[in-house]
>>> print(open('input_34.pdb').read())   # PDB, C-alpha atoms and all ligand atoms
ATOM      1  CA  MET A 110       0.000   0.000   0.000  1.00  0.00           C
ATOM      2  CA  LEU A 111       1.241   3.465  -0.922  1.00  0.00           C
ATOM      3  CA  ARG A 112       1.536   5.607   2.213  1.00  0.00           C
ATOM      4  CA  VAL A 113       0.896   9.299   1.713  1.00  0.00           C
ATOM      5  CA  ALA A 114       1.689  11.675   4.576  1.00  0.00           C
ATOM      6  CA  LEU A 115      -0.457  14.808   4.485  1.00  0.00           C
ATOM      7  CA  THR A 116       1.020  17.784   6.285  1.00  0.00           C
ATOM      8  CA  GLY A 117       0.883  21.577   6.456  1.00  0.00           C
ATOM      9  CA  GLY A 118       0.952  24.453   8.907  1.00  0.00           C
ATOM     10  CA  ILE A 119      -1.841  25.194  11.350  1.00  0.00           C
ATOM     11  CA  GLY A 120      -5.043  26.100   9.520  1.00  0.00           C
ATOM     12  CA  CYS A 121      -3.660  25.491   6.024  1.00  0.00           C
ATOM     13  CA  GLY A 122      -6.474  23.035   5.268  1.00  0.00           C
ATOM     14  CA  LYS A 123      -5.213  19.524   6.157  1.00  0.00           C
ATOM     15  CA  THR A 124      -8.572  18.314   7.467  1.00  0.00           C
ATOM     16  CA  THR A 125     -10.449  19.861   4.544  1.00  0.00           C
ATOM     17  CA  VAL A 126      -8.132  18.131   2.055  1.00  0.00           C
ATOM     18  CA  ALA A 127      -8.255  14.842   3.988  1.00  0.00           C
ATOM     19  CA  ASN A 128     -12.067  14.936   3.783  1.00  0.00           C
ATOM     20  CA  LEU A 129     -11.898  15.382   0.004  1.00  0.00           C
ATOM     21  CA  PHE A 130      -9.777  12.202  -0.254  1.00  0.00           C
ATOM     22  CA  ALA A 131     -12.125  10.382   2.138  1.00  0.00           C
ATOM     23  CA  GLN A 132     -15.090  11.347  -0.064  1.00  0.00           C
ATOM     24  CA  ARG A 133     -13.364   9.384  -2.843  1.00  0.00           C
ATOM     25  CA  GLY A 134     -13.279   6.292  -0.635  1.00  0.00           C
ATOM     26  CA  ILE A 135      -9.650   6.631   0.446  1.00  0.00           C
ATOM     27  CA  PRO A 136      -8.869   5.699   4.057  1.00  0.00           C
ATOM     28  CA  VAL A 137      -7.647   8.607   6.150  1.00  0.00           C
ATOM     29  CA  ILE A 138      -5.797   8.215   9.439  1.00  0.00           C
ATOM     30  CA  ASP A 139      -5.667  11.466  11.391  1.00  0.00           C
ATOM     31  CA  THR A 140      -2.894  11.550  13.994  1.00  0.00           C
ATOM     32  CA  ASP A 141      -4.598  14.469  15.810  1.00  0.00           C
ATOM     33  CA  VAL A 142      -7.624  12.226  16.352  1.00  0.00           C
ATOM     34  CA  LEU A 143      -5.330   9.430  17.564  1.00  0.00           C
ATOM     35  CA  ALA A 144      -3.617  11.850  19.971  1.00  0.00           C
ATOM     36  CA  ARG A 145      -6.991  12.857  21.405  1.00  0.00           C
ATOM     37  CA  GLU A 146      -8.055   9.217  21.808  1.00  0.00           C
ATOM     38  CA  LEU A 147      -4.769   8.288  23.476  1.00  0.00           C
ATOM     39  CA  THR A 148      -5.172  11.066  26.043  1.00  0.00           C
ATOM     40  CA  LEU A 149      -8.770  10.387  27.086  1.00  0.00           C
ATOM     41  CA  PRO A 150      -9.324   9.756  30.813  1.00  0.00           C
ATOM     42  CA  GLN A 151      -8.353   6.188  31.750  1.00  0.00           C
ATOM     43  CA  GLN A 152      -5.705   6.007  29.047  1.00  0.00           C
ATOM     44  CA  PRO A 153      -2.156   5.592  30.436  1.00  0.00           C
ATOM     45  CA  ALA A 154      -0.923   8.790  28.704  1.00  0.00           C
ATOM     46  CA  TYR A 155      -3.659  10.855  30.427  1.00  0.00           C
ATOM     47  CA  HIS A 156      -2.272  10.033  33.866  1.00  0.00           C
ATOM     48  CA  LYS A 157       1.332  10.618  32.821  1.00  0.00           C
ATOM     49  CA  ILE A 158       0.415  14.067  31.449  1.00  0.00           C
ATOM     50  CA  ILE A 159      -1.346  15.065  34.679  1.00  0.00           C
ATOM     51  CA  GLN A 160       1.527  13.800  36.806  1.00  0.00           C
ATOM     52  CA  HIS A 161       3.909  15.895  34.744  1.00  0.00           C
ATOM     53  CA  PHE A 162       1.943  19.152  34.276  1.00  0.00           C
ATOM     54  CA  GLY A 163      -0.241  19.125  37.387  1.00  0.00           C
ATOM     55  CA  GLU A 164      -3.970  18.864  38.056  1.00  0.00           C
ATOM     56  CA  HIS A 165      -4.679  22.395  36.811  1.00  0.00           C
ATOM     57  CA  ILE A 166      -4.786  21.014  33.267  1.00  0.00           C
ATOM     58  CA  ILE A 167      -7.858  18.881  34.033  1.00  0.00           C
ATOM     59  CA  SER A 168     -11.183  20.405  32.901  1.00  0.00           C
ATOM     60  CA  ALA A 169     -14.396  20.221  34.935  1.00  0.00           C
ATOM     61  CA  ASP A 170     -15.498  17.140  32.957  1.00  0.00           C
ATOM     62  CA  GLN A 171     -12.185  15.364  33.795  1.00  0.00           C
ATOM     63  CA  SER A 172     -10.871  15.588  30.219  1.00  0.00           C
ATOM     64  CA  LEU A 173      -7.568  17.340  29.544  1.00  0.00           C
ATOM     65  CA  ASP A 174      -7.803  21.082  29.024  1.00  0.00           C
ATOM     66  CA  ARG A 175      -6.225  20.972  25.568  1.00  0.00           C
ATOM     67  CA  LYS A 176      -6.202  24.716  25.149  1.00  0.00           C
ATOM     68  CA  LYS A 177      -4.233  25.153  28.379  1.00  0.00           C
ATOM     69  CA  LEU A 178      -1.889  22.335  27.406  1.00  0.00           C
ATOM     70  CA  ALA A 179      -1.310  23.883  23.974  1.00  0.00           C
ATOM     71  CA  GLN A 180      -0.523  27.248  25.596  1.00  0.00           C
ATOM     72  CA  ILE A 181       2.088  25.604  27.846  1.00  0.00           C
ATOM     73  CA  VAL A 182       3.812  23.531  25.179  1.00  0.00           C
ATOM     74  CA  PHE A 183       3.822  26.180  22.473  1.00  0.00           C
ATOM     75  CA  SER A 184       5.539  28.648  24.779  1.00  0.00           C
ATOM     76  CA  ASP A 185       8.072  26.179  26.224  1.00  0.00           C
ATOM     77  CA  PRO A 186      10.071  23.937  23.849  1.00  0.00           C
ATOM     78  CA  THR A 187      11.239  21.659  26.707  1.00  0.00           C
ATOM     79  CA  GLN A 188       7.657  20.898  27.717  1.00  0.00           C
ATOM     80  CA  ARG A 189       6.700  20.423  24.109  1.00  0.00           C
ATOM     81  CA  GLN A 190       9.512  17.926  23.663  1.00  0.00           C
ATOM     82  CA  TRP A 191       8.398  16.052  26.763  1.00  0.00           C
ATOM     83  CA  LEU A 192       4.842  15.716  25.431  1.00  0.00           C
ATOM     84  CA  GLU A 193       6.045  14.679  21.983  1.00  0.00           C
ATOM     85  CA  ASN A 194       8.357  12.030  23.457  1.00  0.00           C
ATOM     86  CA  LEU A 195       5.398  10.578  25.294  1.00  0.00           C
ATOM     87  CA  LEU A 196       2.805  10.666  22.514  1.00  0.00           C
ATOM     88  CA  HIS A 197       4.656  10.117  19.260  1.00  0.00           C
ATOM     89  CA  PRO A 198       5.720   6.486  19.792  1.00  0.00           C
ATOM     90  CA  LEU A 199       2.133   5.661  20.839  1.00  0.00           C
ATOM     91  CA  ILE A 200       0.696   7.411  17.790  1.00  0.00           C
ATOM     92  CA  ARG A 201       3.138   5.672  15.423  1.00  0.00           C
ATOM     93  CA  GLU A 202       2.157   2.303  16.830  1.00  0.00           C
ATOM     94  CA  GLN A 203      -1.548   3.071  16.274  1.00  0.00           C
ATOM     95  CA  VAL A 204      -0.892   4.241  12.705  1.00  0.00           C
ATOM     96  CA  GLU A 205       0.973   1.003  11.924  1.00  0.00           C
ATOM     97  CA  GLN A 206      -1.814  -1.121  13.354  1.00  0.00           C
ATOM     98  CA  GLN A 207      -4.461   0.702  11.328  1.00  0.00           C
ATOM     99  CA  ILE A 208      -2.461   0.545   8.071  1.00  0.00           C
ATOM    100  CA  GLN A 209      -2.030  -3.216   8.458  1.00  0.00           C
ATOM    101  CA  ARG A 210      -5.831  -3.609   8.286  1.00  0.00           C
ATOM    102  CA  LEU A 211      -6.270  -1.570   5.077  1.00  0.00           C
ATOM    103  CA  THR A 212      -6.555  -2.933   1.553  1.00  0.00           C
ATOM    104  CA  SER A 213      -6.898   0.167  -0.690  1.00  0.00           C
ATOM    105  CA  PRO A 214      -4.180   1.150  -3.220  1.00  0.00           C
ATOM    106  CA  TYR A 215      -3.150   4.068  -1.018  1.00  0.00           C
ATOM    107  CA  CYS A 216      -3.966   5.729   2.270  1.00  0.00           C
ATOM    108  CA  ILE A 217      -3.611   9.224   3.675  1.00  0.00           C
ATOM    109  CA  VAL A 218      -2.037   9.790   7.085  1.00  0.00           C
ATOM    110  CA  VAL A 219      -2.525  13.332   8.384  1.00  0.00           C
ATOM    111  CA  ILE A 220       0.579  14.360  10.354  1.00  0.00           C
ATOM    112  CA  PRO A 221       0.643  18.083  11.204  1.00  0.00           C
ATOM    113  CA  LEU A 222       4.166  17.913  12.714  1.00  0.00           C
ATOM    114  CA  LEU A 223       5.650  15.562  10.092  1.00  0.00           C
ATOM    115  CA  PHE A 224       8.917  17.474   9.649  1.00  0.00           C
ATOM    116  CA  GLU A 225       9.217  18.597  13.263  1.00  0.00           C
ATOM    117  CA  THR A 226       9.141  14.929  14.300  1.00  0.00           C
ATOM    118  CA  ASN A 227      11.269  13.753  11.378  1.00  0.00           C
ATOM    119  CA  GLN A 228       8.779  11.162  10.111  1.00  0.00           C
ATOM    120  CA  GLN A 229       8.902  12.148   6.432  1.00  0.00           C
ATOM    121  CA  HIS A 230      11.049   9.135   5.522  1.00  0.00           C
ATOM    122  CA  ASP A 231       8.452   6.664   6.815  1.00  0.00           C
ATOM    123  CA  TYR A 232       6.163   7.574   3.886  1.00  0.00           C
ATOM    124  CA  ASN A 233       6.214   6.932   0.135  1.00  0.00           C
ATOM    125  CA  ARG A 234       4.894  10.414  -0.671  1.00  0.00           C
ATOM    126  CA  VAL A 235       4.710  13.645   1.272  1.00  0.00           C
ATOM    127  CA  LEU A 236       1.800  15.891   0.338  1.00  0.00           C
ATOM    128  CA  LEU A 237       1.815  19.468   1.582  1.00  0.00           C
ATOM    129  CA  VAL A 238      -1.209  21.754   1.905  1.00  0.00           C
ATOM    130  CA  ASP A 239       0.037  25.279   1.749  1.00  0.00           C
ATOM    131  CA  CYS A 240      -1.354  28.783   2.230  1.00  0.00           C
ATOM    132  CA  PRO A 241       0.198  32.089   3.365  1.00  0.00           C
ATOM    133  CA  PRO A 242       0.263  33.062   7.084  1.00  0.00           C
ATOM    134  CA  HIS A 243      -2.432  35.755   6.760  1.00  0.00           C
ATOM    135  CA  GLN A 244      -4.877  33.111   5.492  1.00  0.00           C
ATOM    136  CA  GLN A 245      -3.851  30.671   8.239  1.00  0.00           C
ATOM    137  CA  ILE A 246      -4.595  33.356  10.845  1.00  0.00           C
ATOM    138  CA  GLN A 247      -7.857  34.400   9.184  1.00  0.00           C
ATOM    139  CA  ARG A 248      -9.167  30.822   8.944  1.00  0.00           C
ATOM    140  CA  ILE A 249      -8.153  29.722  12.443  1.00  0.00           C
ATOM    141  CA  HIS A 250      -9.493  32.938  13.915  1.00  0.00           C
ATOM    142  CA  ALA A 251     -12.851  32.321  12.212  1.00  0.00           C
ATOM    143  CA  ARG A 252     -12.904  28.685  13.394  1.00  0.00           C
ATOM    144  CA  ASP A 253     -11.496  28.779  16.944  1.00  0.00           C
ATOM    145  CA  ALA A 254     -11.501  31.107  19.917  1.00  0.00           C
ATOM    146  CA  ARG A 255      -7.731  31.654  19.567  1.00  0.00           C
ATOM    147  CA  SER A 256      -6.187  35.124  19.537  1.00  0.00           C
ATOM    148  CA  GLU A 257      -4.055  36.278  16.622  1.00  0.00           C
ATOM    149  CA  GLU A 258      -1.070  36.365  19.010  1.00  0.00           C
ATOM    150  CA  GLU A 259      -1.624  32.734  19.981  1.00  0.00           C
ATOM    151  CA  ILE A 260      -1.908  31.634  16.338  1.00  0.00           C
ATOM    152  CA  ARG A 261       1.305  33.484  15.464  1.00  0.00           C
ATOM    153  CA  GLN A 262       3.060  31.768  18.356  1.00  0.00           C
ATOM    154  CA  ILE A 263       2.029  28.359  17.000  1.00  0.00           C
ATOM    155  CA  ILE A 264       3.103  29.288  13.448  1.00  0.00           C
ATOM    156  CA  ASN A 265       6.493  30.378  14.818  1.00  0.00           C
ATOM    157  CA  ALA A 266       6.911  27.137  16.786  1.00  0.00           C
ATOM    158  CA  GLN A 267       6.409  25.090  13.595  1.00  0.00           C
ATOM    159  CA  VAL A 268       8.966  24.603  10.788  1.00  0.00           C
ATOM    160  CA  THR A 269       8.918  27.267   8.068  1.00  0.00           C
ATOM    161  CA  ALA A 270       6.716  26.924   5.001  1.00  0.00           C
ATOM    162  CA  ASP A 271       9.926  26.834   2.961  1.00  0.00           C
ATOM    163  CA  THR A 272      11.256  23.778   4.848  1.00  0.00           C
ATOM    164  CA  ARG A 273       7.945  22.018   4.272  1.00  0.00           C
ATOM    165  CA  ARG A 274       7.953  22.810   0.554  1.00  0.00           C
ATOM    166  CA  LYS A 275      11.503  21.521   0.123  1.00  0.00           C
ATOM    167  CA  GLY A 276      10.642  18.240   1.812  1.00  0.00           C
ATOM    168  CA  SER A 277       7.401  17.539  -0.039  1.00  0.00           C
ATOM    169  CA  ASP A 278       6.726  15.533  -3.192  1.00  0.00           C
ATOM    170  CA  GLU A 279       3.448  17.271  -3.967  1.00  0.00           C
ATOM    171  CA  VAL A 280       2.031  20.627  -2.942  1.00  0.00           C
ATOM    172  CA  ILE A 281      -1.609  21.652  -2.865  1.00  0.00           C
ATOM    173  CA  SER A 282      -2.094  25.392  -2.860  1.00  0.00           C
ATOM    174  CA  ASN A 283      -5.105  26.233  -0.691  1.00  0.00           C
ATOM    175  CA  THR A 284      -5.374  29.920  -1.411  1.00  0.00           C
ATOM    176  CA  GLY A 285      -8.608  29.891  -3.382  1.00  0.00           C
ATOM    177  CA  ALA A 286     -12.108  28.459  -3.324  1.00  0.00           C
ATOM    178  CA  LEU A 287     -12.995  24.941  -2.192  1.00  0.00           C
ATOM    179  CA  GLU A 288     -13.753  23.970  -5.821  1.00  0.00           C
ATOM    180  CA  GLU A 289     -10.118  24.698  -6.734  1.00  0.00           C
ATOM    181  CA  LEU A 290      -8.991  22.542  -3.825  1.00  0.00           C
ATOM    182  CA  ASP A 291     -11.178  19.697  -5.001  1.00  0.00           C
ATOM    183  CA  THR A 292      -9.754  19.872  -8.536  1.00  0.00           C
ATOM    184  CA  GLN A 293      -6.218  19.530  -7.123  1.00  0.00           C
ATOM    185  CA  VAL A 294      -7.260  16.608  -4.910  1.00  0.00           C
ATOM    186  CA  LEU A 295      -8.875  14.824  -7.869  1.00  0.00           C
ATOM    187  CA  SER A 296      -5.703  15.084  -9.905  1.00  0.00           C
ATOM    188  CA  LEU A 297      -3.586  13.748  -7.004  1.00  0.00           C
ATOM    189  CA  HIS A 298      -6.084  10.973  -6.356  1.00  0.00           C
ATOM    190  CA  THR A 299      -5.594   9.768  -9.940  1.00  0.00           C
ATOM    191  CA  ARG A 300      -1.821   9.940  -9.506  1.00  0.00           C
ATOM    192  CA  TYR A 301      -1.770   8.099  -6.183  1.00  0.00           C
ATOM    193  CA  LEU A 302      -4.087   5.383  -7.512  1.00  0.00           C
ATOM    194  CA  GLU A 303      -1.667   4.857 -10.372  1.00  0.00           C
ATOM    195  CA  LEU A 304       1.360   4.764  -8.037  1.00  0.00           C
ATOM    196  CA  GLY A 305      -0.461   2.617  -5.496  1.00  0.00           C
ATOM    197  CA  ASN A 306      -1.336   0.017  -8.082  1.00  0.00           C
ATOM    198  CA  LYS A 307       2.351  -0.452  -8.946  1.00  0.00           C
ATOM    199  CA  PRO A 308       4.442  -2.719  -6.681  1.00  0.00           C
ATOM    200  CA  GLN A 309       5.960  -0.699  -3.787  1.00  0.00           C
ATOM    201  CA  MET A 310       9.752  -0.388  -3.477  1.00  0.00           C
TER     202      MET A 310
HETATM  203  P1  LIG B   1      -5.396  22.608  12.053  1.00  0.00           P
HETATM  204  O1  LIG B   1      -3.947  22.833  11.809  1.00  0.00           O
HETATM  205  O2  LIG B   1      -5.941  23.540  13.077  1.00  0.00           O
HETATM  206  O3  LIG B   1      -5.732  21.177  12.318  1.00  0.00           O
HETATM  207  P2  LIG B   1      -6.146  22.296   9.286  1.00  0.00           P
HETATM  208  O4  LIG B   1      -4.848  22.466   8.582  1.00  0.00           O
HETATM  209  O5  LIG B   1      -6.678  20.916   9.409  1.00  0.00           O
HETATM  210  O6  LIG B   1      -6.149  23.025  10.689  1.00  0.00           O
HETATM  211  P3  LIG B   1      -8.724  22.989   8.259  1.00  0.00           P
HETATM  212  O7  LIG B   1      -9.400  22.704   9.562  1.00  0.00           O
HETATM  213  O8  LIG B   1      -8.955  22.053   7.143  1.00  0.00           O
HETATM  214  O9  LIG B   1      -7.161  23.197   8.485  1.00  0.00           O
HETATM  215  O10 LIG B   1      -9.067  24.453   7.760  1.00  0.00           O
HETATM  216  C1  LIG B   1      -9.055  25.564   8.665  1.00  0.00           C
HETATM  217  C2  LIG B   1     -10.359  26.354   8.513  1.00  0.00           C
HETATM  218  O11 LIG B   1     -10.352  26.973   7.242  1.00  0.00           O
HETATM  219  C3  LIG B   1     -11.601  25.471   8.555  1.00  0.00           C
HETATM  220  O12 LIG B   1     -12.634  26.158   9.196  1.00  0.00           O
HETATM  221  C4  LIG B   1     -11.930  25.247   7.076  1.00  0.00           C
HETATM  222  O13 LIG B   1     -13.307  25.029   6.864  1.00  0.00           O
HETATM  223  C5  LIG B   1     -11.464  26.556   6.460  1.00  0.00           C
HETATM  224  N1  LIG B   1     -10.966  26.387   5.074  1.00  0.00           N
HETATM  225  C6  LIG B   1      -9.999  25.556   4.650  1.00  0.00           C
HETATM  226  N2  LIG B   1      -9.786  25.694   3.332  1.00  0.00           N
HETATM  227  C7  LIG B   1     -10.631  26.636   2.896  1.00  0.00           C
HETATM  228  C8  LIG B   1     -10.897  27.229   1.632  1.00  0.00           C
HETATM  229  N3  LIG B   1     -10.222  26.893   0.525  1.00  0.00           N
HETATM  230  N4  LIG B   1     -11.849  28.178   1.584  1.00  0.00           N
HETATM  231  C9  LIG B   1     -12.529  28.561   2.695  1.00  0.00           C
HETATM  232  N5  LIG B   1     -12.332  28.050   3.930  1.00  0.00           N
HETATM  233  C10 LIG B   1     -11.395  27.097   4.032  1.00  0.00           C
END
>>> encode(input="input_34.pdb", output="structure tokens")
Amino acid sequence: MLRVALTGGIGCGKTTVANLFAQRGIPVIDTDVLARELTLPQQPAYHKIIQHFGEHIISADQSLDRKKLAQIVFSDPTQRQWLENLLHPLIREQVEQQIQRLTSPYCIVVIPLLFETNQQHDYNRVLLVDCPPHQQIQRIHARDARSEEEIRQIINAQVTADTRRKGSDEVISNTGALEELDTQVLSLHTRYLELGNKPQM
């Protein structure tokens, strides 16, 4: 099976693009969803995170206060590294297990921090969704209750758009309407089907 990693900066449109592949019947594994599942109450990682950061990151409903956690780790690289060291091996294991069960010619694995965590070489293709910072800020601001300052902080904690472009095999430009995005996804879908139907190296 051809493994396609889908990455991009915050708010560039990874989920939107992933949904367009899913609509064509392609399996999508979203590592953000896996991270949320792995940190639900009763999961081992949940308790480790609370032991490390303290009980103030528990919300009233006992779930982790993800916003608070994000604020801590995006302003402190040491804490961010700690959290990544805990979660990334668990996420990788889950991804492997899910891929083993799939039978389609290719699959999409959404990995926002692909380059930051140096996972690009685990995939046959790296697909980047790209848009300029002002659009990232505009879209996230419209979607979430995050301040512009907070969004900028996250953008600055991620690798540069240039690093992502250099490390990617394909780039989707998400600067226009959703119809334009869909046209680009259709063309890549055709390409990945073709590549996926060839024997993998
Ligand atoms: P995150 O990094 O936060 O996970 P993401 O990269 O997955 O974000 P999306 O959630 O797909 O990005 O997109 C961010 C927001 O922008 C969403 O509300 C989405 O509906 C909107 N959006 C994405 N692409 C477009 C587009 N081409 N036109 C209009 N709105 C868009």
>>> resolve_selection(input="input_34.pdb", expression="the PyMOL selection byres (((chain A and resi 174-186) around 12) and not hetatm)", output="PyMOL selection string")
chain A and resi 141+144-145+148-150+155+158-159+161-173+187-193+225+253-256+258-267
>>> closest_atom_pairs(input="input_34.pdb", of="chain A", to="ligand LIG 1 (chain B)", cutoff="9 Å", atoms="only C-alpha atoms and all ligand atoms", output="JSON lines")
{"residue": "A:Thr116", "atom": "CA", "partner": "B:LIG1", "partner_atom": "O4", "distance": 7.9}
{"residue": "A:Gly117", "atom": "CA", "partner": "B:LIG1", "partner_atom": "O4", "distance": 6.2}
{"residue": "A:Gly118", "atom": "CA", "partner": "B:LIG1", "partner_atom": "O1", "distance": 5.9}
{"residue": "A:Ile119", "atom": "CA", "partner": "B:LIG1", "partner_atom": "O1", "distance": 3.2}
{"residue": "A:Gly120", "atom": "CA", "partner": "B:LIG1", "partner_atom": "O6", "distance": 3.5}
{"residue": "A:Cys121", "atom": "CA", "partner": "B:LIG1", "partner_atom": "O4", "distance": 4.1}
{"residue": "A:Gly122", "atom": "CA", "partner": "B:LIG1", "partner_atom": "O8", "distance": 3.3}
{"residue": "A:Lys123", "atom": "CA", "partner": "B:LIG1", "partner_atom": "O5", "distance": 3.8}
{"residue": "A:Thr124", "atom": "CA", "partner": "B:LIG1", "partner_atom": "O5", "distance": 3.8}
{"residue": "A:Thr125", "atom": "CA", "partner": "B:LIG1", "partner_atom": "O8", "distance": 3.7}
{"residue": "A:Val126", "atom": "CA", "partner": "B:LIG1", "partner_atom": "O8", "distance": 6.5}
{"residue": "A:Ala127", "atom": "CA", "partner": "B:LIG1", "partner_atom": "O8", "distance": 7.9}
{"residue": "A:Asn128", "atom": "CA", "partner": "B:LIG1", "partner_atom": "O8", "distance": 8.5}
{"residue": "A:Asp141", "atom": "CA", "partner": "B:LIG1", "partner_atom": "O3", "distance": 7.6}
{"residue": "A:Val219", "atom": "CA", "partner": "B:LIG1", "partner_atom": "O5", "distance": 8.7}
{"residue": "A:Pro221", "atom": "CA", "partner": "B:LIG1", "partner_atom": "O1", "distance": 6.6}
{"residue": "A:Val238", "atom": "CA", "partner": "B:LIG1", "partner_atom": "O4", "distance": 7.6}
{"residue": "A:Asp239", "atom": "CA", "partner": "B:LIG1", "partner_atom": "O4", "distance": 8.9}
{"residue": "A:Gln244", "atom": "CA", "partner": "B:LIG1", "partner_atom": "O11", "distance": 8.4}
{"residue": "A:Gln245", "atom": "CA", "partner": "B:LIG1", "partner_atom": "C1", "distance": 7.3}
{"residue": "A:Gln247", "atom": "CA", "partner": "B:LIG1", "partner_atom": "O11", "distance": 8.1}
{"residue": "A:Arg248", "atom": "CA", "partner": "B:LIG1", "partner_atom": "O11", "distance": 4.4}
{"residue": "A:Ile249", "atom": "CA", "partner": "B:LIG1", "partner_atom": "C2", "distance": 5.6}
{"residue": "A:His250", "atom": "CA", "partner": "B:LIG1", "partner_atom": "C2", "distance": 8.6}
{"residue": "A:Ala251", "atom": "CA", "partner": "B:LIG1", "partner_atom": "O12", "distance": 6.9}
{"residue": "A:Arg252", "atom": "CA", "partner": "B:LIG1", "partner_atom": "O12", "distance": 4.9}
{"residue": "A:Asp253", "atom": "CA", "partner": "B:LIG1", "partner_atom": "O12", "distance": 8.3}
{"residue": "A:Ser282", "atom": "CA", "partner": "B:LIG1", "partner_atom": "N3", "distance": 8.9}
{"residue": "A:Asn283", "atom": "CA", "partner": "B:LIG1", "partner_atom": "N3", "distance": 5.3}
{"residue": "A:Thr284", "atom": "CA", "partner": "B:LIG1", "partner_atom": "N3", "distance": 6.0}
{"residue": "A:Gly285", "atom": "CA", "partner": "B:LIG1", "partner_atom": "N3", "distance": 5.2}
{"residue": "A:Ala286", "atom": "CA", "partner": "B:LIG1", "partner_atom": "N3", "distance": 4.6}
{"residue": "A:Leu287", "atom": "CA", "partner": "B:LIG1", "partner_atom": "N3", "distance": 4.3}
{"residue": "A:Glu288", "atom": "CA", "partner": "B:LIG1", "partner_atom": "N3", "distance": 7.8}
{"residue": "A:Glu289", "atom": "CA", "partner": "B:LIG1", "partner_atom": "N3", "distance": 7.6}
{"residue": "A:Leu290", "atom": "CA", "partner": "B:LIG1", "partner_atom": "N3", "distance": 6.3}
>>> closest_residue(input="input_34.pdb", among="A:Gln152, A:Thr140, A:Gln206, A:Thr212", to="A:Ala114", atoms="only C-alpha atoms")
A:Thr140
>>> residues_around(input="input_34.pdb", residues="A:Ile200", least_positions_apart="2", cutoff="10 Å", atoms="all atoms listed in the file", output="PDB file with C-alpha atoms, keeping the file's coordinate frame")
ATOM      1  CA  ASP A 139      -5.667  11.466  11.391  1.00  0.00           C
ATOM      2  CA  THR A 140      -2.894  11.550  13.994  1.00  0.00           C
ATOM      3  CA  ASP A 141      -4.598  14.469  15.810  1.00  0.00           C
ATOM      4  CA  VAL A 142      -7.624  12.226  16.352  1.00  0.00           C
ATOM      5  CA  LEU A 143      -5.330   9.430  17.564  1.00  0.00           C
ATOM      6  CA  ALA A 144      -3.617  11.850  19.971  1.00  0.00           C
ATOM      7  CA  GLU A 146      -8.055   9.217  21.808  1.00  0.00           C
ATOM      8  CA  LEU A 147      -4.769   8.288  23.476  1.00  0.00           C
ATOM      9  CA  GLU A 193       6.045  14.679  21.983  1.00  0.00           C
ATOM     10  CA  LEU A 195       5.398  10.578  25.294  1.00  0.00           C
ATOM     11  CA  LEU A 196       2.805  10.666  22.514  1.00  0.00           C
ATOM     12  CA  HIS A 197       4.656  10.117  19.260  1.00  0.00           C
ATOM     13  CA  PRO A 198       5.720   6.486  19.792  1.00  0.00           C
ATOM     14  CA  GLU A 202       2.157   2.303  16.830  1.00  0.00           C
ATOM     15  CA  GLN A 203      -1.548   3.071  16.274  1.00  0.00           C
ATOM     16  CA  VAL A 204      -0.892   4.241  12.705  1.00  0.00           C
ATOM     17  CA  GLU A 205       0.973   1.003  11.924  1.00  0.00           C
ATOM     18  CA  GLN A 206      -1.814  -1.121  13.354  1.00  0.00           C
TER      19      GLN A 206
END
>>> resolve_selection(input="input_34.pdb", expression="the PyMOL selection byres (((chain A and resi 233) around 12) and not hetatm)", output="short mmCIF file (atom, residue, chain, number, x, y, z; two decimals) with C-alpha atoms, in the coordinates of the input")
data_model
loop_
_atom_site.label_atom_id
_atom_site.label_comp_id
_atom_site.auth_asym_id
_atom_site.auth_seq_id
_atom_site.Cartn_x
_atom_site.Cartn_y
_atom_site.Cartn_z
CA MET A 110 0.00 0.00 0.00
CA LEU A 111 1.24 3.46 -0.92
CA ARG A 112 1.54 5.61 2.21
CA VAL A 113 0.90 9.30 1.71
CA ALA A 114 1.69 11.68 4.58
CA LEU A 115 -0.46 14.81 4.49
CA TYR A 215 -3.15 4.07 -1.02
CA CYS A 216 -3.97 5.73 2.27
CA ILE A 217 -3.61 9.22 3.68
CA VAL A 218 -2.04 9.79 7.08
CA GLN A 228 8.78 11.16 10.11
CA GLN A 229 8.90 12.15 6.43
CA HIS A 230 11.05 9.14 5.52
CA ASP A 231 8.45 6.66 6.82
CA TYR A 232 6.16 7.57 3.89
CA ARG A 234 4.89 10.41 -0.67
CA VAL A 235 4.71 13.64 1.27
CA LEU A 236 1.80 15.89 0.34
CA SER A 277 7.40 17.54 -0.04
CA ASP A 278 6.73 15.53 -3.19
CA GLU A 279 3.45 17.27 -3.97
CA TYR A 301 -1.77 8.10 -6.18
CA LEU A 304 1.36 4.76 -8.04
CA GLY A 305 -0.46 2.62 -5.50
CA PRO A 308 4.44 -2.72 -6.68
CA GLN A 309 5.96 -0.70 -3.79
CA MET A 310 9.75 -0.39 -3.48
#
>>> closest_residue(input="input_34.pdb", among="A:Leu199, A:Leu223, A:Cys240, A:Leu295", to="A:Ala270", atoms="only C-alpha atoms")
A:Cys240
>>> closest_residue(input="input_34.pdb", among="A:Gln207, A:Asn227, A:Ser213, A:Asn194", to="A:Ala131", atoms="only C-alpha atoms")
A:Ser213
>>> axis_aligned_box(input="input_34.pdb", around="stretch 218-234 of chain A", padding_each_side="5 Å", output="AutoDock Vina command-line options")
--center_x 4.4 --center_y 12.6 --center_z 6.8 --size_x 23.8 --size_y 21.9 --size_z 25.0
>>> decode(input="input_34.pdb", residues="stretch 145-155 of chain A", atoms="C-alpha atoms", output="short mmCIF file (atom, residue, chain, number, x, y, z; two decimals), in the first residue's frame")
data_model
loop_
_atom_site.label_atom_id
_atom_site.label_comp_id
_atom_site.auth_asym_id
_atom_site.auth_seq_id
_atom_site.Cartn_x
_atom_site.Cartn_y
_atom_site.Cartn_z
CA ARG A 145 -6.99 12.86 21.41
CA GLU A 146 -8.05 9.22 21.81
CA LEU A 147 -4.77 8.29 23.48
CA THR A 148 -5.17 11.07 26.04
CA LEU A 149 -8.77 10.39 27.09
CA PRO A 150 -9.32 9.76 30.81
CA GLN A 151 -8.35 6.19 31.75
CA GLN A 152 -5.70 6.01 29.05
CA PRO A 153 -2.16 5.59 30.44
CA ALA A 154 -0.92 8.79 28.70
CA TYR A 155 -3.66 10.85 30.43
#
